[in-house]
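Shown here: coords10.tsv, TSV, C-alpha atoms.
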```tsv
chain	number	residue	atom	x	y	z
A	207	MET	CA	-67.74	-34.26	74.65
A	208	THR	CA	-69.31	-30.83	74.30
A	209	TYR	CA	-72.36	-29.43	72.55
A	210	ASP	CA	-73.09	-25.84	71.50
A	211	ILE	CA	-76.64	-25.05	70.43
A	212	TYR	CA	-77.39	-22.10	68.15
A	213	ILE	CA	-80.26	-20.40	66.38
A	214	VAL	CA	-78.67	-18.46	63.51
A	215	LYS	CA	-80.41	-15.76	61.50
A	216	LYS	CA	-79.38	-16.32	57.89
A	217	SER	CA	-79.25	-12.66	56.92
A	218	GLY	CA	-76.25	-11.19	58.73
A	219	GLY	CA	-75.17	-14.16	60.83
A	220	SER	CA	-76.76	-12.98	64.11
A	221	ALA	CA	-76.83	-15.90	66.51
A	222	LEU	CA	-78.47	-16.92	69.76
A	223	LYS	CA	-76.29	-19.39	71.66
A	224	ILE	CA	-78.75	-21.32	73.82
A	225	PRO	CA	-77.74	-21.06	77.51
A	226	ASN	CA	-78.89	-23.24	80.42
A	227	MET	CA	-80.89	-25.56	78.18
A	228	SER	CA	-83.75	-27.24	80.04
A	229	ASN	CA	-85.33	-29.26	77.27
A	230	ILE	CA	-85.26	-29.76	73.51
A	231	SER	CA	-87.83	-31.81	71.62
A	232	TYR	CA	-87.72	-32.68	67.93
A	233	ASP	CA	-91.15	-33.67	66.65
A	234	LEU	CA	-91.58	-35.37	63.27
A	235	ASN	CA	-95.19	-35.30	62.12
A	236	THR	CA	-96.44	-37.72	59.45
A	237	PRO	CA	-100.22	-37.17	59.28
A	238	VAL	CA	-102.36	-40.05	58.03
A	239	SER	CA	-106.15	-40.07	57.76
A	240	PRO	CA	-107.80	-43.35	58.85
A	241	MET	CA	-110.81	-44.43	56.81
A	242	PRO	CA	-112.25	-47.53	58.51
A	243	LEU	CA	-114.59	-49.59	56.34
A	244	PRO	CA	-117.94	-50.88	57.56
A	245	GLU	CA	-118.18	-54.63	58.10
A	246	GLU	CA	-114.37	-54.90	58.25
A	247	THR	CA	-111.88	-55.46	61.06
A	248	HIS	CA	-109.29	-52.95	62.11
A	249	GLU	CA	-106.66	-54.72	60.00
A	250	GLU	CA	-108.61	-53.63	56.89
A	251	ASN	CA	-108.58	-49.96	57.88
A	252	VAL	CA	-107.70	-47.78	54.87
A	253	LEU	CA	-104.94	-45.32	55.75
A	254	LEU	CA	-104.76	-42.34	53.42
A	255	LYS	CA	-101.53	-40.37	53.24
A	256	ILE	CA	-102.90	-37.13	51.79
A	257	GLU	CA	-100.78	-34.59	53.69
A	258	GLY	CA	-97.06	-34.00	53.65
A	259	ASN	CA	-94.74	-34.43	56.62
A	260	SER	CA	-93.67	-31.65	58.95
A	261	ALA	CA	-91.28	-31.18	61.83
A	262	GLN	CA	-90.83	-28.73	64.66
A	263	ILE	CA	-88.29	-28.15	67.41
A	264	ASN	CA	-89.21	-26.89	70.87
A	265	ILE	CA	-86.43	-25.33	72.97
A	266	ASP	CA	-86.68	-24.39	76.64
A	267	PHE	CA	-83.84	-22.51	78.36
A	268	LYS	CA	-83.14	-20.04	81.15
A	269	ILE	CA	-81.66	-16.54	81.03
A	270	THR	CA	-79.86	-15.32	84.16
A	271	GLN	CA	-77.50	-12.53	85.14
A	272	GLN	CA	-74.64	-15.05	84.92
A	273	THR	CA	-75.35	-16.08	81.32
A	274	LEU	CA	-74.96	-12.88	79.30
A	275	ASP	CA	-72.72	-14.09	76.45
A	276	VAL	CA	-75.57	-15.66	74.51
A	277	LEU	CA	-76.15	-13.19	71.67
A	278	GLY	CA	-73.62	-12.35	68.98
A	279	THR	CA	-72.49	-13.51	65.56
A	280	VAL	CA	-71.14	-16.76	64.13
A	281	SER	CA	-68.66	-17.56	61.40
A	282	GLY	CA	-67.46	-20.77	59.80
A	283	ASN	CA	-69.40	-23.76	58.53
A	284	VAL	CA	-71.93	-25.92	60.32
A	285	GLY	CA	-69.93	-28.23	62.58
A	286	ASN	CA	-67.09	-25.73	62.92
A	287	ARG	CA	-68.75	-22.56	64.15
A	288	SER	CA	-66.92	-19.70	65.85
A	289	PHE	CA	-69.10	-17.56	68.14
A	290	THR	CA	-68.37	-13.90	68.97
A	291	PRO	CA	-70.60	-12.61	71.82
A	292	ASP	CA	-72.06	-9.11	71.91
A	293	SER	CA	-70.52	-7.43	74.96
A	294	SER	CA	-73.31	-4.82	75.12
A	295	MET	CA	-75.69	-7.41	76.57
A	296	THR	CA	-75.44	-6.61	80.30
A	297	SER	CA	-78.69	-7.96	81.76
A	298	PRO	CA	-81.41	-10.54	81.09
A	299	ILE	CA	-83.72	-7.70	80.01
A	300	SER	CA	-81.23	-6.53	77.37
A	301	ILE	CA	-81.06	-10.09	76.05
A	302	ILE	CA	-84.86	-10.33	75.91
A	303	ASN	CA	-85.06	-6.99	74.08
A	304	ASP	CA	-82.48	-8.10	71.52
A	305	ILE	CA	-84.25	-11.41	70.90
A	306	LYS	CA	-87.53	-9.48	70.50
A	307	ASP	CA	-85.97	-7.04	68.04
A	308	ASN	CA	-83.73	-9.37	66.00
A	309	PHE	CA	-85.11	-12.91	66.20
A	310	VAL	CA	-88.83	-12.34	65.66
A	311	PRO	CA	-89.44	-12.90	61.91
A	312	LYS	CA	-90.77	-9.76	60.26
A	313	SER	CA	-90.13	-10.26	56.54
A	314	ILE	CA	-91.43	-13.07	54.34
A	315	ILE	CA	-87.80	-13.97	53.63
A	316	ASP	CA	-86.55	-14.07	57.24
A	317	ALA	CA	-85.04	-17.52	57.68
A	318	TYR	CA	-83.05	-19.24	60.41
A	319	SER	CA	-81.14	-22.41	61.14
A	320	PHE	CA	-81.15	-24.51	64.29
A	321	GLU	CA	-77.74	-26.07	64.92
A	322	ILE	CA	-76.20	-28.45	67.43
A	323	GLU	CA	-72.42	-28.31	67.19
A	324	HIS	CA	-70.57	-31.36	68.48
A	325	ASP	CA	-66.80	-31.21	69.19
A	326	SER	CA	-66.15	-29.21	65.98
A	327	ASN	CA	-67.04	-32.27	63.91
A	328	SER	CA	-69.48	-31.56	61.09
A	329	ASN	CA	-70.34	-35.24	60.65
A	330	ASN	CA	-71.62	-35.37	64.23
A	331	SER	CA	-73.42	-32.03	64.12
A	332	PHE	CA	-77.13	-31.38	63.52
A	333	SER	CA	-78.62	-28.60	61.42
A	334	GLN	CA	-82.16	-27.77	60.29
A	335	ASP	CA	-83.33	-24.75	58.29
A	336	GLY	CA	-86.65	-23.08	58.97
A	337	THR	CA	-88.17	-20.20	60.89
A	338	ILE	CA	-89.31	-19.26	64.37
A	339	SER	CA	-93.01	-19.76	65.01
A	340	SER	CA	-93.22	-18.36	68.54
A	341	ILE	CA	-91.10	-17.03	71.40
A	342	ARG	CA	-92.37	-17.00	74.97
A	343	PHE	CA	-90.75	-15.44	78.07
A	344	ASN	CA	-91.92	-15.88	81.66
A	345	VAL	CA	-90.57	-15.20	85.13
A	346	SER	CA	-91.95	-16.25	88.52
A	347	ALA	CA	-92.19	-14.32	91.76
A	348	GLU	CA	-90.24	-17.07	93.51
A	349	SER	CA	-87.23	-16.50	91.23
A	350	PRO	CA	-87.49	-12.98	89.75
A	351	THR	CA	-83.91	-12.97	88.36
A	352	VAL	CA	-84.34	-16.08	86.24
A	353	TRP	CA	-86.28	-15.79	82.99
A	354	ASN	CA	-87.60	-18.85	81.22
A	355	CYS	CA	-87.73	-18.81	77.44
A	356	ASN	CA	-89.51	-21.15	75.05
A	357	ILE	CA	-88.92	-21.06	71.29
A	358	ILE	CA	-90.89	-23.09	68.73
A	359	PHE	CA	-88.98	-23.60	65.48
A	360	PHE	CA	-90.66	-24.90	62.31
A	361	VAL	CA	-88.42	-26.90	60.00
A	362	GLY	CA	-88.57	-26.19	56.27
A	363	ASN	CA	-87.69	-23.71	53.55
A	364	VAL	CA	-88.84	-20.12	53.95
A	365	VAL	CA	-89.37	-19.04	50.37
A	366	GLY	CA	-89.63	-15.43	49.25
A	367	LEU	CA	-90.41	-15.54	45.54
A	368	TYR	CA	-90.84	-11.85	44.92
A	369	GLU	CA	-88.53	-10.96	42.03
A	370	ALA	CA	-86.17	-13.81	42.92
A	371	ASN	CA	-83.86	-14.01	39.92
A	372	VAL	CA	-82.33	-17.39	40.78
A	373	PRO	CA	-80.84	-20.02	38.41
A	374	TYR	CA	-82.74	-23.28	38.04
A	375	HIS	CA	-80.98	-26.45	39.15
A	376	PRO	CA	-78.14	-27.81	36.98
A	377	ARG	CA	-79.22	-30.15	34.19
A	378	GLN	CA	-76.82	-32.83	35.41
A	379	VAL	CA	-74.29	-33.33	38.21
A	380	TYR	CA	-71.53	-35.90	37.77
A	381	LEU	CA	-69.45	-37.50	40.54
A	382	THR	CA	-66.16	-39.38	40.15
A	383	VAL	CA	-63.58	-40.63	42.65
A	384	PRO	CA	-60.10	-40.10	41.14
A	385	SER	CA	-58.13	-40.96	44.28
A	386	ALA	CA	-58.44	-41.76	47.98
A	387	GLY	CA	-60.28	-39.11	50.01
A	388	THR	CA	-61.39	-37.17	46.91
A	389	ILE	CA	-64.58	-36.61	44.91
A	390	ASN	CA	-64.61	-34.66	41.65
A	391	VAL	CA	-67.89	-32.80	41.14
A	392	SER	CA	-68.87	-31.32	37.77
A	393	TRP	CA	-72.19	-29.96	36.59
A	394	VAL	CA	-73.95	-28.71	33.48
A	395	ALA	CA	-76.02	-25.53	33.59
A	396	SER	CA	-79.79	-25.76	33.24
A	397	ASP	CA	-81.21	-25.86	29.72
A	398	VAL	CA	-84.76	-24.76	30.60
A	399	TYR	CA	-84.11	-21.21	29.37
A	400	ALA	CA	-85.03	-20.19	25.84
A	401	ASN	CA	-81.79	-18.23	25.45
A	402	ALA	CA	-78.56	-18.15	27.40
A	403	SER	CA	-79.19	-14.46	28.12
A	404	ASP	CA	-82.40	-15.36	29.97
A	405	MET	CA	-80.51	-17.25	32.67
A	406	PRO	CA	-79.60	-15.17	35.76
A	407	ALA	CA	-75.89	-14.36	36.08
A	408	VAL	CA	-74.26	-17.19	38.04
A	409	THR	CA	-72.11	-15.85	40.88
A	410	GLY	CA	-71.27	-19.10	42.64
A	411	ALA	CA	-72.50	-22.51	43.64
A	412	SER	CA	-73.68	-24.22	46.79
A	413	VAL	CA	-72.20	-27.72	47.01
A	414	LYS	CA	-73.48	-29.95	49.80
A	415	TYR	CA	-72.48	-33.48	50.72
A	416	LYS	CA	-73.22	-36.12	53.32
A	417	LYS	CA	-72.47	-39.71	54.10
A	418	SER	CA	-75.29	-42.01	53.05
A	419	ASP	CA	-76.15	-42.98	56.63
A	420	SER	CA	-76.11	-39.37	57.90
A	421	PRO	CA	-79.22	-37.14	58.11
A	422	VAL	CA	-77.15	-33.94	57.79
A	423	TRP	CA	-76.09	-32.21	54.57
A	424	VAL	CA	-72.83	-30.29	55.06
A	425	GLU	CA	-71.79	-27.26	53.01
A	426	TYR	CA	-68.48	-27.59	51.16
A	427	GLY	CA	-66.62	-24.69	49.70
A	428	SER	CA	-64.29	-21.75	49.77
A	429	ASN	CA	-63.72	-18.60	47.72
A	430	GLN	CA	-66.13	-18.75	44.78
A	431	TYR	CA	-68.29	-21.42	46.40
A	432	ALA	CA	-70.96	-20.37	48.87
A	433	VAL	CA	-70.35	-21.62	52.39
A	434	GLY	CA	-72.61	-21.82	55.41
A	435	ASN	CA	-76.35	-22.43	55.16
A	436	GLY	CA	-76.42	-22.37	51.38
A	437	GLY	CA	-75.10	-18.88	50.69
A	438	GLU	CA	-73.30	-15.81	51.94
A	439	PRO	CA	-74.92	-12.64	53.38
A	440	SER	CA	-73.53	-10.96	50.26
A	441	PRO	CA	-73.07	-12.57	46.84
A	442	PRO	CA	-70.11	-14.96	46.57
A	443	ALA	CA	-67.13	-13.89	44.48
A	444	SER	CA	-68.08	-14.09	40.83
A	445	SER	CA	-67.35	-17.46	39.28
A	446	ALA	CA	-68.83	-19.37	36.39
A	447	SER	CA	-66.86	-22.48	37.33
A	448	THR	CA	-68.76	-25.75	36.98
A	449	THR	CA	-66.21	-28.05	38.62
A	450	LEU	CA	-65.06	-28.65	42.16
A	451	VAL	CA	-62.53	-31.04	43.72
A	452	MET	CA	-63.66	-32.14	47.18
A	453	SER	CA	-60.62	-33.41	49.06
A	454	GLY	CA	-59.72	-34.57	52.55
A	455	LEU	CA	-62.80	-36.80	52.86
A	456	SER	CA	-62.82	-39.79	55.19
A	457	ALA	CA	-63.61	-43.23	53.82
A	458	GLY	CA	-67.29	-43.90	53.24
A	459	THR	CA	-70.20	-43.66	50.81
A	460	TYR	CA	-71.26	-40.11	49.93
A	461	LYS	CA	-74.09	-38.22	48.30
A	462	VAL	CA	-73.51	-34.78	46.77
A	463	LYS	CA	-75.89	-32.09	45.45
A	464	VAL	CA	-75.29	-28.77	43.69
A	465	ALA	CA	-77.25	-25.52	43.30
A	466	GLN	CA	-76.05	-22.62	41.18
A	467	LEU	CA	-76.38	-19.19	42.78
A	468	SER	CA	-77.11	-15.65	41.67
A	469	GLU	CA	-77.00	-12.40	43.62
A	470	ASP	CA	-80.63	-12.96	44.67
A	471	SER	CA	-80.14	-16.48	46.05
A	472	TYR	CA	-79.39	-15.53	49.64
A	473	ASP	CA	-81.97	-12.77	50.07
A	474	SER	CA	-84.76	-14.83	48.51
A	475	ASN	CA	-83.65	-18.07	50.21
A	476	VAL	CA	-84.40	-19.95	46.98
A	477	TYR	CA	-81.99	-22.72	46.01
A	478	TYR	CA	-82.58	-25.38	43.37
A	479	TYR	CA	-80.41	-28.43	44.06
A	480	LYS	CA	-79.63	-31.32	41.77
A	481	ASN	CA	-78.34	-34.59	43.22
A	482	GLY	CA	-75.16	-35.95	41.73
A	483	THR	CA	-74.76	-39.35	40.12
A	484	GLY	CA	-71.73	-41.55	39.68
A	485	THR	CA	-70.85	-44.08	36.99
A	486	GLY	CA	-73.93	-45.92	35.75
A	487	GLY	CA	-76.29	-43.35	37.27
A	488	VAL	CA	-75.85	-44.48	40.90
A	489	LYS	CA	-76.90	-41.85	43.44
A	490	GLU	CA	-73.77	-42.11	45.57
A	491	VAL	CA	-70.04	-42.77	45.32
A	492	THR	CA	-67.64	-44.60	47.60
A	493	VAL	CA	-64.46	-42.95	48.86
A	494	THR	CA	-61.57	-45.06	50.14
```

Just give me the structure of the file as structure tokens.
Amino acid sequence: MTYDIYIVKKSGGSALKIPNMSNISYDLNTPVSPMPLPEETHEENVLLKIEGNSAQINIDFKITQQTLDVLGTVSGNVGNRSFTPDSSMTSPISIINDIKDNFVPKSIIDAYSFEIEHDSNSNNSFSQDGTISSIRFNVSAESPTVWNCNIIFFVGNVVGLYEANVPYHPRQVYLTVPSAGTINVSWVASDVYANASDMPAVTGASVKYKKSDSPVWVEYGSNQYAVGNGGEPSPPASSASTTLVMSGLSAGTYKVKVAQLSEDSYDSNVYYYKNGTGTGGVKEVTVT
């Protein structure tokens, strides 16, 4: 059983493969404001949920002269990543400089994903989109060749809306199971536009799926369909297709969602997903 931990920059596929991990914490915050009433016991306390939830990931790891193959690029989907290290990284200082130059968010559309890859099995992998809030390096006099690094990662969608010409979510997504291990996905383009010419040119689609008991949405696709973190660094091959046959699935109950893409989808990091429904409007379908 092996785990590889990455922070991947969405634009360009630059990746930091976390070495010598000391600690990872995943904090889910669900703020509630207590409003205790006079003359009442604590059981009558009024709890107001007036703020949304948030989550953050804290990563602590060490950088040494023996762990230089930690920066590079990744390819493949979440759960089946291939990592190519940058051989120009020859010292801890060069690694620190590269992290400083390439992993500190500068633009309003800089976005990242935090991934835990498990035995090349996407169903057992973990992925969260978001951005880096802070990076901290420190070294002690007792161990001057070992640098400690702490990264705080905020989970969520980094949205750059400036001139984002992105299609709205499909009007409907339909799911059927024609045979064992297969889901047919079809969708109807959005009808919120006054004229068909007002809709951005569709260059592909992001199709994600997951088993009902899994917290992780997995990208599905090849060729005209966007793969990996909801889009490609460059626009997917042009396709106006509105159907997809998902095959090779293991038995289980699945949910599927679809977003149509334009050339601006990746750079703006704006995706509008619509959940699929099966016969009778159920939100999931069962594959045998």

List every residue of stretch 258-350 of chain A that has an atom at most 12 Å from any atom of stretch 234-238 of chain A, and for each one report the closest atom pair and its distance in Å to one decimal, counting all atoms listed in the file, with rows sorted by chain and then by increasing residue number, as JSON lines.
```
{"residue": "A:Gly258", "atom": "CA", "partner": "A:Thr236", "partner_atom": "CA", "distance": 6.9}
{"residue": "A:Asn259", "atom": "CA", "partner": "A:Thr236", "partner_atom": "CA", "distance": 4.7}
{"residue": "A:Ser260", "atom": "CA", "partner": "A:Asn235", "partner_atom": "CA", "distance": 5.1}
{"residue": "A:Ala261", "atom": "CA", "partner": "A:Leu234", "partner_atom": "CA", "distance": 4.4}
{"residue": "A:Gln262", "atom": "CA", "partner": "A:Leu234", "partner_atom": "CA", "distance": 6.8}
{"residue": "A:Ile263", "atom": "CA", "partner": "A:Leu234", "partner_atom": "CA", "distance": 8.9}
{"residue": "A:Asn264", "atom": "CA", "partner": "A:Leu234", "partner_atom": "CA", "distance": 11.6}
```

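Using only C-alpha atoms, the smallest distance between any of A:Val413, A:Ile269, A:Leu253, A:Ile338 and A:Val364 comes from A:Ile338.
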
Around stretch 379-386 of chain A, fit a box with edges along x, y and z, padding it by 8 Å on each side, then list its centre and edge lengths in Å to one decimal as JSON.
```
{"center_x": -66.2, "center_y": -37.5, "center_z": 42.9, "size_x": 32.2, "size_y": 24.4, "size_z": 26.2}
```

Fill in: Counting only C-alpha atoms, the residue of A:Tyr460, A:Phe309, A:Phe360, A:Trp423 that sits nearest A:Thr382
A:Tyr460

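Summary of the local environment: counting all atoms listed in the file, residues at most 10 Å from A:Thr351, other than itself and those fewer than 3 positions away along its chain, are Ile269, Thr270, Gln271, Ser297, Pro298, Ile299, Val345, Ser346, Ala347, Glu348 and Asn354 of chain A.
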
Fill in: Top pick for closest residue to A:Ser333, considering A:Ser231, A:Ser319, A:Asn475, A:Ser447 and counting all atoms listed in the file
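Nearest candidate to A:Ser333 out of A:Ser231, A:Ser319, A:Asn475, A:Ser447: A:Ser319.
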
Fill in: Shell around A:Asn363 at 12 Å using all atoms listed in the file, local window under 6 positions removed, as a PyMOL selection string
chain A and resi 216+260-261+314-319+334-338+435-436+474-478

Item to complete: Give the answer as one residue: which of A:Gly278, A:Arg377, A:Val424, A:Asp307 has the shortest atom-to-atom distance to A:Ser294, using all atoms listed in the file?
Response: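 Comparing A:Gly278, A:Arg377, A:Val424, A:Asp307 against A:Ser294, the winner is A:Gly278.
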
Worksheet item: From the list A:Val398, A:Val488, A:Ile230, A:Ile389, which residue is nearest A:Gly458 when using all atoms listed in the file?
Response: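 Checking each candidate against A:Gly458, we get A:Ile389 as the closest.
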
Fill in: Residues within 9 Å of A:Val280, all atoms listed in the file, excluding chain neighbours under 6 positions, as a PyMOL selection string
chain A and resi 214+219-221+287-291

Item to complete: Mind giving me the straight-line distance from atom CA of A:Glu425 to atom CA of A:Ser385 in Å, one decimal?
Response: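 Rounded to one decimal, the two atoms are 21.2 Å apart.
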
Practice prompt. In Å, rounded to a single decimal, give me how far atom CA of A:Tyr426 is from atom CA of A:Phe332.
Written response: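 That distance, rounded to one decimal, is 15.6 Å.
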
Item to complete: Report the distance between atom CA of A:Ile322 and atom CA of A:Glu490 in Å, rounded to one decimal place.
Response: 25.9 Å

Worksheet item: Which of these, A:Glu257, A:Glu323, A:Ile265, A:Asn226, has the shortest distance to A:Tyr209 once you count all atoms listed in the file?
Response: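 Nearest to A:Tyr209: A:Glu323.
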
What's around A:Asn371 at 8 Å? Count only C-alpha atoms, leave out sequence neighbours fewer than 2 positions away in its own chain, and write the answer as a CSV table (one decimal) with C-alpha atoms, in the coordinates of the input.
```csv
chain,number,residue,atom,x,y,z
A,369,GLU,CA,-88.5,-11.0,42.0
A,373,PRO,CA,-80.8,-20.0,38.4
A,406,PRO,CA,-79.6,-15.2,35.8
A,468,SER,CA,-77.1,-15.6,41.7
A,469,GLU,CA,-77.0,-12.4,43.6
A,470,ASP,CA,-80.6,-13.0,44.7
A,471,SER,CA,-80.1,-16.5,46.0
```

Please list as a PDB file with C-alpha atoms, in the frame of the given file every residue within 7 Å of A:Leu467, counting all atoms listed in the file and excluding residues in the same chain fewer than 4 positions away.
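Everything below was put into result_37.pdb:
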```
ATOM      1  CA  VAL A 372     -82.330 -17.390  40.780  1.00  0.00           C
ATOM      2  CA  PRO A 373     -80.840 -20.020  38.410  1.00  0.00           C
ATOM      3  CA  VAL A 408     -74.260 -17.190  38.040  1.00  0.00           C
ATOM      4  CA  THR A 409     -72.110 -15.850  40.880  1.00  0.00           C
ATOM      5  CA  GLY A 410     -71.270 -19.100  42.640  1.00  0.00           C
ATOM      6  CA  ALA A 411     -72.500 -22.510  43.640  1.00  0.00           C
ATOM      7  CA  SER A 412     -73.680 -24.220  46.790  1.00  0.00           C
ATOM      8  CA  SER A 471     -80.140 -16.480  46.050  1.00  0.00           C
TER       9      SER A 471
END
```

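Those DNA, RNA and protein residues that approach the point (-74.9, -29.3, 73.3) to within 9 Å, considering only C-alpha atoms, are Met207, Thr208, Tyr209, Asp210, Ile211, Ile224, Met227, Ile322, Glu323 and His324 of chain A.
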
With C-alpha atoms retained, export the selected residues as a short mmCIF file (atom, residue, chain, number, x, y, z; two decimals), keeping the file's coordinate frame.
```
data_model
loop_
_atom_site.label_atom_id
_atom_site.label_comp_id
_atom_site.auth_asym_id
_atom_site.auth_seq_id
_atom_site.Cartn_x
_atom_site.Cartn_y
_atom_site.Cartn_z
CA MET A 207 -67.74 -34.26 74.65
CA THR A 208 -69.31 -30.83 74.30
CA TYR A 209 -72.36 -29.43 72.55
CA ASP A 210 -73.09 -25.84 71.50
CA ILE A 211 -76.64 -25.05 70.43
CA ILE A 224 -78.75 -21.32 73.82
CA MET A 227 -80.89 -25.56 78.18
CA ILE A 322 -76.20 -28.45 67.43
CA GLU A 323 -72.42 -28.31 67.19
CA HIS A 324 -70.57 -31.36 68.48
#
```

From the structure block, carefully write stretch 369-400 of chain A out with C-alpha atoms; format it as an mmCIF file, in the first residue's frame.
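Produced file selection-v9.cif, reproduced below:
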```cif
data_model
loop_
_atom_site.group_PDB
_atom_site.id
_atom_site.type_symbol
_atom_site.label_atom_id
_atom_site.label_comp_id
_atom_site.auth_asym_id
_atom_site.auth_seq_id
_atom_site.Cartn_x
_atom_site.Cartn_y
_atom_site.Cartn_z
ATOM 1 C CA GLU A 369 -14.510 38.153 -19.326
ATOM 2 C CA ALA A 370 -15.143 34.458 -18.662
ATOM 3 C CA ASN A 371 -17.129 33.343 -21.699
ATOM 4 C CA VAL A 372 -18.267 30.002 -20.270
ATOM 5 C CA PRO A 373 -21.424 27.985 -21.125
ATOM 6 C CA TYR A 374 -24.066 27.707 -18.420
ATOM 7 C CA HIS A 375 -24.846 24.236 -17.094
ATOM 8 C CA PRO A 376 -26.808 21.832 -19.325
ATOM 9 C CA ARG A 377 -30.593 22.084 -19.044
ATOM 10 C CA GLN A 378 -30.854 18.375 -18.305
ATOM 11 C CA VAL A 379 -28.549 15.374 -17.915
ATOM 12 C CA TYR A 380 -29.945 11.878 -18.428
ATOM 13 C CA LEU A 381 -28.427 8.605 -17.182
ATOM 14 C CA THR A 382 -29.264 5.090 -18.359
ATOM 15 C CA VAL A 383 -27.640 1.696 -17.759
ATOM 16 C CA PRO A 384 -27.817 -0.302 -21.020
ATOM 17 C CA SER A 385 -25.573 -3.166 -19.894
ATOM 18 C CA ALA A 386 -23.289 -4.365 -17.106
ATOM 19 C CA GLY A 387 -20.452 -1.968 -16.267
ATOM 20 C CA THR A 388 -21.836 0.824 -18.473
ATOM 21 C CA ILE A 389 -23.620 4.162 -18.034
ATOM 22 C CA ASN A 390 -24.917 6.163 -20.983
ATOM 23 C CA VAL A 391 -24.783 9.907 -20.330
ATOM 24 C CA SER A 392 -26.632 12.418 -22.514
ATOM 25 C CA TRP A 393 -27.314 16.087 -21.955
ATOM 26 C CA VAL A 394 -29.263 18.998 -23.406
ATOM 27 C CA ALA A 395 -27.601 22.390 -23.828
ATOM 28 C CA SER A 396 -28.721 25.279 -21.647
ATOM 29 C CA ASP A 397 -31.742 27.270 -22.801
ATOM 30 C CA VAL A 398 -31.055 30.423 -20.754
ATOM 31 C CA TYR A 399 -29.690 32.270 -23.800
ATOM 32 C CA ALA A 400 -31.928 34.508 -25.872
#
```
